2 protein chains.
Amino acid sequence: MTAITSEKTVERMSLYRRLLLRLREEGHTVVFSHQLCVPAGVTPAQVRRDIMQLGCSGVPHAGYKIKELLSAIAETLDAPQSQRAVLVGVGHLGLALLTHFSGRWRWLHIHAAFDVNPAKHGAIVRGCNCYGIEELPRIVREWRVQVGIIAVPVDTAQSVATMLCEAGITGLLNFAPLRLQVPDEVYVENVDLTTSFEKVAYFARHPARLANDKSAERDAALGENQADVPG
Amino acid sequence: MTAITSEKTVERMSLYRRLLLRLREEGHTVVFSHQLCVPAGVTPAQVRRDIMQLGCSGVPHAGYKIKELLSAIAETLDAPQSQRAVLVGVGHLGLALLTHFSGRWRWLHIHAAFDVNPAKHGAIVRGCNCYGIEELPRIVREWRVQVGIIAVPVDTAQSVATMLCEAGITGLLNFAPLRLQVPDEVYVENVDLTTSFEKVAYFARHPARLANDKSAERDAALGENQADVPG
DNA sequence: GAGTGTGAAGGCCTTCACAGCT
DNA sequence: AGCTGTGAAGGCCTTCACACTC
């Protein structure tokens, strides 16, 4: 409902939701900001601000109603009708994505897959129809697909991205190790494993370089609320 | 050499390097900040700051020497000797990672894989020995493994992380959709596909919500240098 | 003129701190 | 006492703007 302007906020919503779902399964009905801040690694104050942005409000000493938060998050994050995505590139990574994620979420359905390998055309891979790249524009347009998942080798990624954008896609999930050039209105989320590996390798060799972040997370995990305790 | 304090800087180094390698292959020997800023989606000024931090300096009108930048980045990002990593969880995702990345980098070698499934113990998967979880502590300690890759289901991820940390790991690459609780000195890089999917789905429905970011990227891509042009 | 090096300024996000509610 | 709601402050990162160099 309310317009979220920040990527970070959307990320946290996603994290909050997972904790909320778990708590609900365990039979809880209310939650406090100092619990929700743990999975996101922020302070209780940040959680309260985020919840405010959702339009929910809590009750001092009684916390927030889990049910209420969940529907507010769903209203914000999830599409009213199921959104469609297409996967381009049915290699090892593409297959793993299909296996792991296809059908897992009601809100984003992988509607079709594309691959240059003719052997795969017409096949049904993990319940998903596989086509040749040349059919991409037609299918994306006909089904009003909004999201494209790029799991092709780096040298073809840009041309695939361009093709997807021209077909009317507005969001890309890019697994290729480069930054795509796309029109302004298209959102790109990069999952750059090369960078991730290099980061973890670097910081594994330079421990405590980011100690501040960690300590905040740790303090929060203790379940106490030191930020709000009067000094 | 120089101490990098910022995660963002490390990420950009990784991106710069890829462009530099490509340029070198194409026969270039020098590069300008307004070229390097494109893949990272920042301004030329940011690039110059980053390069300063590397200890390199350029020549006005002549740019930076690619060779020099590459060795400075390598000296910063890459381990002096090859670093070892272990993979925990040889499911679809783990297999895709092994296939895609094992042996691809000299600087981070996936030394062993672990899985609960006894059928996999003793197997050699994509050139990588597979063991039972119970052997993890011994192998990590014996080989001084610094990096752990967690590709197990969400419900066992925390216990695996704890085990890895106790064995002396200092960096984790976590593919499970939760935030791990680890000691302060351990660095965690989360690759959270659930959040990524939710983000791209959200912003695909809310185009131009982040127009500012995009326009900066676009302007940079034009190859001009508007930030530095005197008004 | 064209590009680098860098102090200063700006922007975004997060946390602090405290008033208010129960 | 305990927790929420929020203005104000702080911090980190990025960009601006311009002196300087070839």
# chains A, B, ... in the order shown; residues from 1 in each chain; ligands from 1
>>> closest_atom_pairs(of="chain A", to="chain D", cutoff="7 Å", atoms="only C-alpha atoms (C1' of nucleotides)", output="tab-separated table")
residue	atom	partner	partner_atom	distance
A:Gly58	CA	D:DT4	C1'	6.5
A:Val59	CA	D:DT4	C1'	6.3
A:Pro60	CA	D:DC3	C1'	4.3
A:His61	CA	D:DC3	C1'	4.5
>>> interface_residues(of="chain C", to="chain A", cutoff="9 Å", atoms="only C-alpha atoms (C1' of nucleotides)", output="compact mmCIF listing (two decimals) with N, CA and C atoms (P, O5', C5', C4', C3', O3' and C1' of nucleotides), in the first residue's frame")
# COMPACT_ATOMS: atom_id res chain seq x y z
P DC C 13 17.84 5.08 1.51
O5' DC C 13 18.38 4.53 2.89
C5' DC C 13 19.71 3.99 2.91
C4' DC C 13 20.20 3.88 4.33
C3' DC C 13 19.24 3.17 5.28
O3' DC C 13 19.92 2.00 5.74
C1' DC C 13 20.14 5.14 6.25
P DT C 14 19.15 1.03 6.72
O5' DT C 14 19.66 1.49 8.15
C5' DT C 14 21.06 1.53 8.40
C4' DT C 14 21.32 2.18 9.75
C3' DT C 14 20.53 1.57 10.90
O3' DT C 14 21.47 0.96 11.78
C1' DT C 14 20.47 3.96 10.96
P DT C 15 20.96 0.28 13.13
O5' DT C 15 21.12 1.43 14.22
C5' DT C 15 22.36 2.08 14.33
C4' DT C 15 22.24 3.26 15.26
C3' DT C 15 21.67 2.93 16.65
O3' DT C 15 22.61 3.36 17.60
C1' DT C 15 20.57 4.82 15.70
P DC C 16 22.31 3.15 19.17
O5' DC C 16 21.87 4.61 19.64
C5' DC C 16 22.63 5.71 19.19
C4' DC C 16 22.05 7.02 19.71
C3' DC C 16 21.57 6.98 21.16
O3' DC C 16 22.00 8.17 21.78
C1' DC C 16 19.81 7.69 19.76
P DA C 17 21.97 8.36 23.37
O5' DA C 17 20.62 9.15 23.62
C5' DA C 17 20.32 10.26 22.80
C4' DA C 17 18.91 10.75 23.11
C3' DA C 17 18.46 10.50 24.56
O3' DA C 17 17.68 11.59 24.96
C1' DA C 17 16.96 9.46 23.09
P DC C 18 17.52 11.93 26.51
O5' DC C 18 15.97 12.26 26.58
C5' DC C 18 15.38 12.98 25.50
C4' DC C 18 13.96 12.51 25.29
C3' DC C 18 13.22 12.16 26.60
O3' DC C 18 11.92 12.70 26.52
C1' DC C 18 12.92 10.50 25.05
P DC C 21 -0.37 9.78 25.22
O5' DC C 21 -0.68 8.22 25.27
C5' DC C 21 -0.38 7.41 24.14
C4' DC C 21 -0.16 5.97 24.58
C3' DC C 21 -1.24 5.42 25.52
O3' DC C 21 -1.69 4.21 24.99
C1' DC C 21 0.90 4.97 26.38
P DT C 22 -3.10 3.58 25.33
O5' DT C 22 -2.80 2.08 25.73
C5' DT C 22 -1.47 1.63 25.95
C4' DT C 22 -1.45 0.52 27.01
C3' DT C 22 -2.67 0.48 27.92
O3' DT C 22 -2.96 -0.86 28.26
C1' DT C 22 -0.74 0.82 29.22
>>> interface_residues(of="chain A", to="chain B", cutoff="8 Å", atoms="only C-alpha atoms", output="MDAnalysis selection string")
chainID A and resid 5:7 10:11 14:15 39:40 77:79 83 92:93 96:97 99:100 108 146:147 169:173 178:179 181 183:189 191 194:205 207:211 214:215 218 221
>>> atom_distance(atom1="atom CA of Val125 of chain B", atom2="atom CA of Ala113 of chain B")
8.3 Å
>>> atom_distance(atom1="atom CA of Phe32 of chain A", atom2="atom CA of Ser159 of chain B")
25.5 Å
>>> select_by_dssp(residues="segment 50-202 of chain B", states="strand (DSSP E)", output="MDAnalysis selection string")
chainID B and resid 64:65 83:88 108:114 124:125 128:131 147:150 171:174 187:190
>>> write_last_selection(atoms="N, CA and C atoms", output="mmCIF file, in the first residue's frame")
data_model
loop_
_atom_site.group_PDB
_atom_site.id
_atom_site.type_symbol
_atom_site.label_atom_id
_atom_site.label_comp_id
_atom_site.auth_asym_id
_atom_site.auth_seq_id
_atom_site.Cartn_x
_atom_site.Cartn_y
_atom_site.Cartn_z
ATOM 1 N N TYR B 64 45.134 5.626 -16.122
ATOM 2 C CA TYR B 64 45.829 4.683 -15.249
ATOM 3 C C TYR B 64 46.360 3.520 -16.077
ATOM 4 N N LYS B 65 47.491 2.976 -15.657
ATOM 5 C CA LYS B 65 48.020 1.804 -16.341
ATOM 6 C C LYS B 65 47.267 0.562 -15.892
ATOM 7 N N GLN B 83 43.612 -19.929 -1.087
ATOM 8 C CA GLN B 83 42.803 -20.130 0.109
ATOM 9 C C GLN B 83 41.917 -21.356 -0.090
ATOM 10 N N ARG B 84 41.617 -22.048 0.986
ATOM 11 C CA ARG B 84 40.775 -23.223 0.861
ATOM 12 C C ARG B 84 39.362 -22.960 1.381
ATOM 13 N N ALA B 85 38.392 -23.569 0.700
ATOM 14 C CA ALA B 85 37.002 -23.497 1.127
ATOM 15 C C ALA B 85 36.434 -24.905 1.193
ATOM 16 N N VAL B 86 35.389 -25.083 1.994
ATOM 17 C CA VAL B 86 34.647 -26.338 1.950
ATOM 18 C C VAL B 86 33.186 -26.035 1.659
ATOM 19 N N LEU B 87 32.563 -26.977 0.980
ATOM 20 C CA LEU B 87 31.149 -26.859 0.657
ATOM 21 C C LEU B 87 30.362 -27.819 1.540
ATOM 22 N N VAL B 88 29.328 -27.327 2.177
ATOM 23 C CA VAL B 88 28.471 -28.219 2.959
ATOM 24 C C VAL B 88 27.099 -28.255 2.313
ATOM 25 N N LEU B 108 40.666 -19.297 -4.645
ATOM 26 C CA LEU B 108 39.795 -19.934 -3.648
ATOM 27 C C LEU B 108 39.440 -21.328 -4.142
ATOM 28 N N HIS B 109 40.000 -22.308 -3.500
ATOM 29 C CA HIS B 109 39.861 -23.676 -3.958
ATOM 30 C C HIS B 109 38.885 -24.442 -3.058
ATOM 31 N N ILE B 110 37.880 -25.040 -3.690
ATOM 32 C CA ILE B 110 36.938 -25.843 -2.900
ATOM 33 C C ILE B 110 37.591 -27.193 -2.632
ATOM 34 N N HIS B 111 37.992 -27.349 -1.406
ATOM 35 C CA HIS B 111 38.883 -28.437 -1.065
ATOM 36 C C HIS B 111 38.133 -29.732 -0.760
ATOM 37 N N ALA B 112 36.936 -29.602 -0.211
ATOM 38 C CA ALA B 112 36.159 -30.785 0.125
ATOM 39 C C ALA B 112 34.692 -30.419 0.187
ATOM 40 N N ALA B 113 33.846 -31.454 0.053
ATOM 41 C CA ALA B 113 32.408 -31.235 0.180
ATOM 42 C C ALA B 113 31.858 -32.197 1.225
ATOM 43 N N PHE B 114 30.780 -31.794 1.868
ATOM 44 C CA PHE B 114 30.175 -32.624 2.912
ATOM 45 C C PHE B 114 28.677 -32.733 2.668
ATOM 46 N N ILE B 124 33.566 -38.858 -5.481
ATOM 47 C CA ILE B 124 34.263 -37.675 -5.976
ATOM 48 C C ILE B 124 33.311 -36.937 -6.902
ATOM 49 N N VAL B 125 32.835 -35.803 -6.429
ATOM 50 C CA VAL B 125 31.821 -35.055 -7.161
ATOM 51 C C VAL B 125 32.489 -33.869 -7.838
ATOM 52 N N CYS B 128 35.796 -33.248 -6.621
ATOM 53 C CA CYS B 128 35.891 -32.819 -5.226
ATOM 54 C C CYS B 128 35.472 -33.971 -4.317
ATOM 55 N N ASN B 129 36.306 -34.287 -3.350
ATOM 56 C CA ASN B 129 35.994 -35.389 -2.452
ATOM 57 C C ASN B 129 34.817 -35.056 -1.552
ATOM 58 N N CYS B 130 33.941 -36.050 -1.364
ATOM 59 C CA CYS B 130 32.739 -35.847 -0.563
ATOM 60 C C CYS B 130 32.805 -36.687 0.710
ATOM 61 N N TYR B 131 32.567 -36.047 1.828
ATOM 62 C CA TYR B 131 32.655 -36.721 3.127
ATOM 63 C C TYR B 131 31.358 -36.581 3.918
ATOM 64 N N VAL B 147 37.197 -20.697 4.598
ATOM 65 C CA VAL B 147 35.879 -20.316 4.091
ATOM 66 C C VAL B 147 34.943 -21.523 4.048
ATOM 67 N N GLY B 148 33.732 -21.334 4.545
ATOM 68 C CA GLY B 148 32.712 -22.366 4.479
ATOM 69 C C GLY B 148 31.546 -21.919 3.615
ATOM 70 N N ILE B 149 31.093 -22.802 2.729
ATOM 71 C CA ILE B 149 29.957 -22.490 1.866
ATOM 72 C C ILE B 149 28.778 -23.325 2.325
ATOM 73 N N ILE B 150 27.720 -22.674 2.734
ATOM 74 C CA ILE B 150 26.572 -23.367 3.299
ATOM 75 C C ILE B 150 25.467 -23.462 2.269
ATOM 76 N N GLY B 171 35.196 -17.191 7.478
ATOM 77 C CA GLY B 171 34.287 -16.579 6.517
ATOM 78 C C GLY B 171 33.243 -17.579 6.059
ATOM 79 N N LEU B 172 32.003 -17.122 5.961
ATOM 80 C CA LEU B 172 30.932 -18.005 5.521
ATOM 81 C C LEU B 172 30.209 -17.403 4.324
ATOM 82 N N LEU B 173 29.925 -18.264 3.360
ATOM 83 C CA LEU B 173 29.065 -17.865 2.250
ATOM 84 C C LEU B 173 27.774 -18.644 2.426
ATOM 85 N N ASN B 174 26.723 -17.935 2.795
ATOM 86 C CA ASN B 174 25.500 -18.598 3.231
ATOM 87 C C ASN B 174 24.386 -18.500 2.207
ATOM 88 N N TYR B 187 33.052 -13.545 9.344
ATOM 89 C CA TYR B 187 32.351 -12.747 8.347
ATOM 90 C C TYR B 187 31.330 -13.621 7.626
ATOM 91 N N VAL B 188 30.125 -13.108 7.444
ATOM 92 C CA VAL B 188 29.099 -13.853 6.716
ATOM 93 C C VAL B 188 28.642 -13.068 5.504
ATOM 94 N N GLU B 189 28.732 -13.688 4.349
ATOM 95 C CA GLU B 189 28.160 -13.107 3.137
ATOM 96 C C GLU B 189 26.911 -13.911 2.800
ATOM 97 N N ASN B 190 25.773 -13.238 2.822
ATOM 98 C CA ASN B 190 24.521 -13.922 2.544
ATOM 99 C C ASN B 190 24.145 -13.804 1.077
#
>>> atom_distance(atom1="atom CA of His34 of chain A", atom2="atom CA of Pro153 of chain B")
26.3 Å
>>> closest_residue(among="B:Lys120, B:Gly89, B:Leu54, B:Thr162", to="Phe175 of chain B", atoms="only C-alpha atoms")
B:Gly89
